[in-house]
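What follows is the content of query.cif, which has mmCIF, C-alpha atoms and all ligand atoms:
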```
data_my_file
#
loop_
_atom_site.label_atom_id
_atom_site.label_comp_id
_atom_site.auth_asym_id
_atom_site.auth_seq_id
_atom_site.Cartn_x
_atom_site.Cartn_y
_atom_site.Cartn_z
CA MET C 270 -0.09 -2.17 9.77
CA LYS C 271 -3.24 -2.03 11.91
CA GLY C 272 -6.41 -4.08 11.47
CA ARG C 273 -7.93 -7.51 11.90
CA LEU C 274 -5.30 -10.17 12.56
CA ASP C 275 -6.30 -12.33 9.55
CA LYS C 276 -6.12 -9.30 7.25
CA VAL C 277 -2.78 -8.11 8.65
CA LEU C 278 -1.37 -11.62 8.19
CA ALA C 279 -2.59 -11.86 4.60
CA THR C 280 -1.49 -8.37 3.60
CA CYS C 281 1.95 -8.44 5.23
CA THR C 282 2.91 -11.97 4.16
CA LEU C 283 0.98 -11.95 0.85
CA ILE C 284 -0.74 -15.24 1.61
CA SER C 285 -4.48 -15.50 0.91
CA ARG C 286 -7.03 -14.69 3.62
CA THR C 287 -8.07 -18.39 3.54
CA ASP C 288 -4.47 -19.53 4.11
CA ALA C 289 -4.13 -16.97 6.93
CA GLN C 290 -7.24 -18.38 8.58
CA ALA C 291 -5.92 -21.94 8.17
CA ALA C 292 -2.59 -20.91 9.76
CA LEU C 293 -4.49 -19.33 12.67
CA LYS C 294 -6.63 -22.44 13.18
CA ALA C 295 -3.53 -24.63 13.12
CA GLY C 296 -2.00 -22.57 15.96
CA ARG C 297 0.90 -21.27 13.85
CA VAL C 298 0.36 -17.64 14.86
CA THR C 299 1.32 -15.88 18.09
CA VAL C 300 0.73 -12.28 19.16
CA ASP C 301 3.14 -11.04 21.84
CA GLY C 302 4.00 -14.65 22.63
CA VAL C 303 0.41 -15.85 22.99
CA PRO C 304 -1.00 -18.30 20.41
CA VAL C 305 -4.07 -16.77 18.72
CA ARG C 306 -6.49 -18.89 16.69
CA ASP C 307 -9.16 -16.28 15.94
CA GLY C 308 -8.41 -13.77 13.19
CA LYS C 309 -11.10 -11.26 14.12
CA GLY C 310 -9.22 -9.37 16.84
CA LYS C 311 -7.55 -6.02 16.05
CA VAL C 312 -3.75 -5.92 16.05
CA ASP C 313 -0.95 -3.50 15.20
CA SER C 314 2.06 -5.17 13.55
CA ASP C 315 4.36 -2.27 14.56
CA ALA C 316 3.40 -2.20 18.23
CA GLN C 317 2.94 -5.96 18.72
CA VAL C 318 5.14 -8.91 17.86
CA ILE C 319 3.15 -11.14 15.51
CA LEU C 320 4.83 -14.38 14.52
CA LEU C 321 3.78 -16.82 11.80
CA ASP C 322 5.70 -20.08 12.04
CA GLY C 323 8.12 -18.21 14.29
CA LYS C 324 8.79 -15.47 11.70
CA ARG C 325 7.94 -11.82 12.40
CA VAL C 326 5.00 -10.45 10.42
CA GLU C 327 5.55 -6.78 9.61
CA GLY C 328 4.21 -4.28 7.10
CA ASP C 329 6.78 -3.41 4.42
CA GLY C 330 5.89 0.28 4.65
CA PHE C 331 4.31 0.26 1.20
CA VAL C 332 0.71 1.17 0.52
CA TYR C 333 -1.25 -0.14 -2.47
CA VAL C 334 -4.65 1.37 -3.15
CA MET C 335 -7.17 0.90 -5.94
CA LEU C 336 -9.33 3.93 -6.65
CA TYR C 337 -12.33 4.17 -8.95
CA LYS C 338 -11.38 7.51 -10.49
CA PRO C 339 -14.52 9.41 -11.43
CA VAL C 340 -14.76 11.55 -14.56
CA GLY C 341 -13.53 15.08 -13.79
CA VAL C 342 -10.83 14.10 -11.28
CA LEU C 343 -7.15 14.43 -12.24
CA SER C 344 -5.03 11.28 -12.09
CA ALA C 345 -2.37 13.20 -10.20
CA THR C 346 -1.30 13.65 -6.60
CA GLU C 347 -1.48 17.45 -6.64
CA ASP C 348 -2.58 20.26 -8.92
CA LYS C 349 -1.21 23.79 -8.73
CA LYS C 350 -4.52 25.24 -9.95
CA GLY C 351 -6.43 23.46 -7.18
CA ALA C 352 -8.35 20.93 -9.30
CA VAL C 353 -9.55 17.81 -7.50
CA THR C 354 -6.94 15.05 -7.74
CA ALA C 355 -6.98 11.32 -7.02
CA MET C 356 -5.04 12.05 -3.83
CA ASP C 357 -7.86 14.26 -2.55
CA LEU C 358 -10.12 11.19 -2.54
CA LEU C 359 -7.85 9.19 -0.22
CA PRO C 360 -7.96 9.44 3.59
CA GLU C 361 -5.18 11.20 5.49
CA GLU C 362 -3.40 7.96 6.54
CA TYR C 363 -2.87 7.05 2.88
CA ARG C 364 -2.00 10.56 1.77
CA LYS C 365 0.74 10.64 4.43
CA ALA C 366 2.35 7.58 2.79
CA ALA C 367 2.79 9.73 -0.37
CA PRO C 368 1.69 7.21 -3.00
CA GLY C 369 2.20 7.99 -6.69
CA VAL C 370 -0.26 7.29 -9.49
CA VAL C 371 0.60 4.25 -11.66
CA GLY C 372 -0.19 5.21 -15.25
CA ARG C 373 -2.22 8.27 -16.09
CA LEU C 374 -5.89 8.31 -16.93
CA ASP C 375 -7.39 11.35 -18.69
CA LYS C 376 -9.50 13.80 -16.71
CA ASP C 377 -12.59 12.88 -18.74
CA ALA C 378 -11.92 9.12 -18.32
CA GLU C 379 -12.92 6.96 -15.37
CA GLY C 380 -12.04 3.65 -13.81
CA LEU C 381 -9.16 1.82 -12.21
CA LEU C 382 -6.34 3.89 -10.80
CA LEU C 383 -3.57 2.21 -8.81
CA LEU C 384 -1.74 4.32 -6.26
CA THR C 385 1.38 3.10 -4.48
CA ASN C 386 4.51 4.43 -2.84
CA ASN C 387 6.40 1.38 -4.14
CA GLY C 388 8.38 3.36 -6.71
CA ASP C 389 10.04 0.30 -8.19
CA LEU C 390 6.66 -1.28 -8.93
CA ASN C 391 5.34 1.97 -10.38
CA HIS C 392 8.36 2.26 -12.65
CA ARG C 393 8.13 -1.34 -13.81
CA LEU C 394 4.39 -1.28 -14.54
CA THR C 395 4.72 1.84 -16.67
CA SER C 396 8.00 1.01 -18.41
CA PRO C 397 7.70 -0.36 -21.96
CA LYS C 398 9.91 -3.31 -20.96
CA HIS C 399 7.39 -4.80 -18.54
CA HIS C 400 4.34 -3.30 -20.27
CA ALA C 401 1.44 -4.59 -18.17
CA ASP C 402 -1.63 -4.91 -20.38
CA LYS C 403 -4.29 -2.30 -19.69
CA LEU C 404 -7.93 -3.07 -20.52
CA TYR C 405 -10.40 -0.26 -21.32
CA ARG C 406 -14.05 -0.10 -22.28
CA VAL C 407 -14.84 2.63 -24.78
CA THR C 408 -18.00 4.15 -26.15
CA LEU C 409 -17.68 5.54 -29.68
CA ASP C 410 -19.64 8.02 -31.80
CA ILE C 411 -19.92 5.50 -34.65
CA PRO C 412 -19.54 1.71 -34.46
CA ALA C 413 -16.09 0.19 -34.78
CA THR C 414 -15.69 -2.42 -37.53
CA GLU C 415 -13.63 -5.51 -38.31
CA ALA C 416 -11.25 -3.18 -40.22
CA ASP C 417 -10.62 -1.35 -36.93
CA VAL C 418 -10.01 -4.68 -35.19
CA ALA C 419 -7.31 -5.47 -37.76
CA ALA C 420 -5.82 -1.96 -37.51
CA PHE C 421 -5.53 -2.23 -33.69
CA ALA C 422 -3.81 -5.62 -33.98
CA ALA C 423 -1.02 -4.13 -36.10
CA PRO C 424 1.47 -1.36 -35.26
CA MET C 425 -0.35 1.95 -35.85
CA ASP C 426 1.62 5.00 -37.01
CA LEU C 427 0.29 8.01 -35.08
CA GLY C 428 2.87 10.45 -36.43
CA ASP C 429 5.01 11.04 -33.37
CA PHE C 430 5.05 7.35 -32.40
CA THR C 431 4.01 3.93 -33.64
CA THR C 432 1.94 1.79 -31.29
CA GLN C 433 2.71 -1.78 -30.34
CA PRO C 434 0.02 -4.19 -31.53
CA GLY C 435 -3.04 -4.05 -29.26
CA ARG C 436 -6.41 -5.76 -29.24
CA LEU C 437 -9.89 -4.46 -30.06
CA GLU C 438 -13.03 -6.48 -29.32
CA LEU C 439 -16.38 -5.25 -30.53
CA VAL C 440 -19.32 -5.41 -28.14
CA GLU C 441 -22.82 -5.68 -29.62
CA ASP C 442 -23.12 -3.12 -32.45
CA GLY C 443 -19.50 -1.94 -32.10
CA LYS C 444 -20.36 1.42 -30.49
CA THR C 445 -18.99 -0.17 -27.36
CA ALA C 446 -15.65 -1.93 -27.53
CA LEU C 447 -12.96 -3.40 -25.31
CA VAL C 448 -9.40 -2.30 -25.97
CA THR C 449 -6.18 -3.78 -24.62
CA ILE C 450 -2.95 -1.84 -24.99
CA HIS C 451 0.51 -2.42 -23.58
CA GLU C 452 1.82 1.14 -23.50
CA GLY C 453 0.13 4.18 -22.07
CA LYS C 454 1.09 7.11 -24.26
CA PHE C 455 -0.76 10.41 -23.83
CA HIS C 456 -4.36 10.05 -25.12
CA GLN C 457 -3.29 6.84 -26.82
CA ILE C 458 -6.69 5.17 -27.19
CA LYS C 459 -8.45 8.37 -28.24
CA ARG C 460 -5.74 8.96 -30.82
CA MET C 461 -5.94 5.38 -32.13
CA PHE C 462 -9.68 5.73 -32.72
CA GLN C 463 -9.19 9.21 -34.18
CA HIS C 464 -6.76 7.62 -36.63
CA GLN C 465 -9.61 5.27 -37.61
CA GLY C 466 -12.04 8.20 -38.04
CA LYS C 467 -13.95 7.67 -34.79
CA THR C 468 -14.32 9.66 -31.60
CA VAL C 469 -14.17 8.20 -28.11
CA GLN C 470 -17.13 9.51 -26.12
CA ALA C 471 -16.45 7.62 -22.90
CA LEU C 472 -13.45 5.69 -21.63
CA LYS C 473 -13.23 3.43 -18.60
CA ARG C 474 -10.15 1.50 -17.43
CA LEU C 475 -11.11 -1.96 -16.21
CA SER C 476 -7.74 -3.52 -15.39
CA ILE C 477 -3.98 -3.06 -15.18
CA GLY C 478 -2.17 -6.38 -15.63
CA PRO C 479 -3.80 -8.83 -13.20
CA LEU C 480 -5.44 -6.06 -11.16
CA VAL C 481 -9.16 -5.70 -11.92
CA LEU C 482 -11.38 -2.80 -10.84
CA ASP C 483 -13.55 -4.07 -7.98
CA GLU C 484 -17.19 -4.08 -9.14
CA MET C 485 -18.29 -3.18 -5.61
CA LEU C 486 -16.58 0.23 -5.86
CA ALA C 487 -18.61 3.24 -6.99
CA PRO C 488 -16.93 6.23 -8.66
CA GLY C 489 -14.78 7.98 -6.01
CA ASP C 490 -14.51 4.85 -3.81
CA TRP C 491 -11.18 3.26 -2.97
CA ARG C 492 -9.86 0.25 -1.09
CA PRO C 493 -6.45 -1.17 -0.21
CA LEU C 494 -5.31 -4.05 -2.40
CA THR C 495 -5.65 -7.49 -0.81
CA GLY C 496 -2.53 -9.55 -0.08
CA GLY C 497 -3.37 -11.73 -3.09
CA GLU C 498 -3.69 -8.71 -5.41
CA ILE C 499 -0.36 -7.29 -4.19
CA ARG C 500 1.30 -10.64 -4.79
CA GLU C 501 -0.14 -10.88 -8.33
CA ILE C 502 0.86 -7.38 -9.33
CA LEU C 503 4.38 -7.82 -7.93
CA GLN C 504 4.64 -11.10 -9.85
CA ALA C 505 3.44 -9.38 -13.03
CA ALA C 506 6.27 -6.86 -12.59
CA ASP C 507 8.84 -9.66 -12.02
CA MET C 508 9.34 -8.50 -8.42
CA MET C 509 8.49 -11.81 -6.73
N1 LIG O 601 -5.94 6.32 -23.63
C1 LIG O 601 -6.53 7.53 -23.62
O1 LIG O 601 -6.83 8.10 -24.66
N2 LIG O 601 -6.77 8.10 -22.42
C2 LIG O 601 -6.49 7.49 -21.25
O2 LIG O 601 -6.76 8.05 -20.19
C3 LIG O 601 -5.88 6.23 -21.28
C4 LIG O 601 -5.61 5.66 -22.48
#
```

Could you render the structure as structure tokens?
Ligand code: URA
Amino acid sequence: MKGRLDKVLATCTLISRTDAQAALKAGRVTVDGVPVRDGKGKVDSDAQVILLDGKRVEGDGFVYVMLYKPVGVLSATEDKKGAVTAMDLLPEEYRKAAPGVVGRLDKDAEGLLLLTNNGDLNHRLTSPKHHADKLYRVTLDIPATEADVAAFAAPMDLGDFTTQPGRLELVEDGKTALVTIHEGKFHQIKRMFQHQGKTVQALKRLSIGPLVLDEMLAPGDWRPLTGGEIREILQAADMM
């Protein structure tokens, strides 16, 4: 991994940026045998030997990216018909790492999309066994009611499958609501509201497990996960 030394330390070892800076200040880091106390300099963990407390600091080869998927973009890595996909929004260096999309998001939905080439993590976050909670904000044609809140909290029979209990929170007049679900079946939230006689007009994913969409990102923007975010999501998937 290339970048500022403090960032490389935090990302590769999954310690926080503050802890990385403290380790630097304390003289616990060397680059090619030379103690370095300033985290601002650029390094390359493949080409240089970076040691923290005498242990080599190396990238694990995995990339983890959060993307604010805009409406109209497919949550896929390629499309035979040439539609714009999430992958098209990433720079070449990330595309080369061949990340997969963790959990689909409809074309007309927006919000948090996690892309990673850590296949084990992807599998765990989307498998019903680990079921990371996903939080969405919805806009409805007519206000949701307390009856809908109760219906979302119970298993809901949608014909071809029955949902696990979720959570619906009404915002203001109920035309806006927050929904938490554990699974991610095709069109699940739209179908749950349809079952309640309401239509979802807009859908935005705000979080996946502990990973929250960065408010600084505009639609179409992306950024790598921080070391702390990677640690939290690996912990949520029982991988740490
Ligand atoms: N539920 C939906 O209906 N669509 C999504 O994209 C995600 C959850």

Self-check item: Atom-to-atom span, CA of Thr299 (chain C) and CA of Gly330 (chain C), Å
Solution: 21.5 Å

Self-check item: Residue neighbourhood Leu358 (chain C), 9 Å, only C-alpha atoms, exclusion window fewer than 3 positions, as a list of chain:residue names
Solution: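 Residues near the query, excluding close chain neighbours: C:Leu336, C:Lys338, C:Val353, C:Thr354, C:Ala355, C:Gly489, C:Asp490, C:Trp491.
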
Quick one: what's the axis-aligned box for ligand LIG 601 (chain O), all listed atoms, 5 Å on every side, centre and edges in Å to one decimal, as JSON?
```
{"center_x": -6.2, "center_y": 6.9, "center_z": -22.4, "size_x": 11.2, "size_y": 12.4, "size_z": 14.5}
```

Exercise. Give the residues close to ligand LIG 601 (chain O), within 6 Å, counting only C-alpha atoms and all ligand atoms; write them as a ChimeraX atom specification.
Key: /C:374-375,378,453,456-459

Exercise. Would you mind telling me which residue in C:Ser476, C:Thr468, C:Thr346, C:Ser314 lies nearest to Gly380 (chain C) when using all atoms listed in the file?
Key: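 Of all the options, C:Ser476 lies closest to Gly380 (chain C).
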
Exercise. May I ask which of the residues C:Ile411, C:Leu427, C:Leu482, C:Leu383 is the closest one to Gly466 (chain C), counting only C-alpha atoms?
Key: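 Among C:Ile411, C:Leu427, C:Leu482, C:Leu383, it is C:Ile411 that comes nearest to Gly466 (chain C).
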
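What separates CA of Lys473 (chain C) from CA of Arg406 (chain C) is a distance of 5.2 Å.
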
Closest contacts (region 408-506 of chain C/region 284-287 of chain C, max 9 Å, all atoms listed in the file) as JSON lines:
```
{"residue": "C:Thr495", "atom": "CA", "partner": "C:Ser285", "partner_atom": "CA", "distance": 8.3}
{"residue": "C:Gly496", "atom": "CA", "partner": "C:Ile284", "partner_atom": "CA", "distance": 6.2}
{"residue": "C:Gly497", "atom": "CA", "partner": "C:Ser285", "partner_atom": "CA", "distance": 5.6}
{"residue": "C:Arg500", "atom": "CA", "partner": "C:Ile284", "partner_atom": "CA", "distance": 8.1}
```

Quiz prompt | Point-to-point distance in Å for CA of Lys376 (chain C) and CA of Gly341 (chain C) | solution =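 One can read the CA of Gly341 (chain C) to CA of Lys376 (chain C) distance as 5.1 Å.
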
Practice problem: For region 307-313 of chain C, please output as a list in words all residues within 10 Å (counting only C-alpha atoms; exclusion window: fewer than 2 positions along the same chain). | Solution: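 Result of the neighbour search: Met270, Lys271, Gly272, Arg273, Leu274, Asp275, Lys276, Val277, Leu278, Arg286, Ala289, Gln290, Ala291, Ala292, Leu293, Lys294, Gly296, Val298, Val300, Pro304, Val305, Asp315, Ala316, Gln317, Val318, Ile319, Glu327 and Gly328 of chain C.
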
Quiz prompt | Top pick for closest residue to Asp426 (chain C), considering C:Met461, C:Val303, C:Leu390, C:Leu486 and counting all atoms listed in the file | solution =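 Going through C:Met461, C:Val303, C:Leu390, C:Leu486 one by one, the smallest distance to Asp426 (chain C) is for C:Met461.
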
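Counting only C-alpha atoms, the residue from C:Leu472, C:Asp442, C:Val340, C:Ala295 that sits nearest to Ala487 (chain C) is C:Val340.
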
Quiz item: From the list C:Asp377, C:Gln465, C:Arg460, C:Leu404, which residue is nearest Asp417 (chain C) when using all atoms listed in the file?
Solution: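 The answer is C:Gln465, which sits nearest to Asp417 (chain C).
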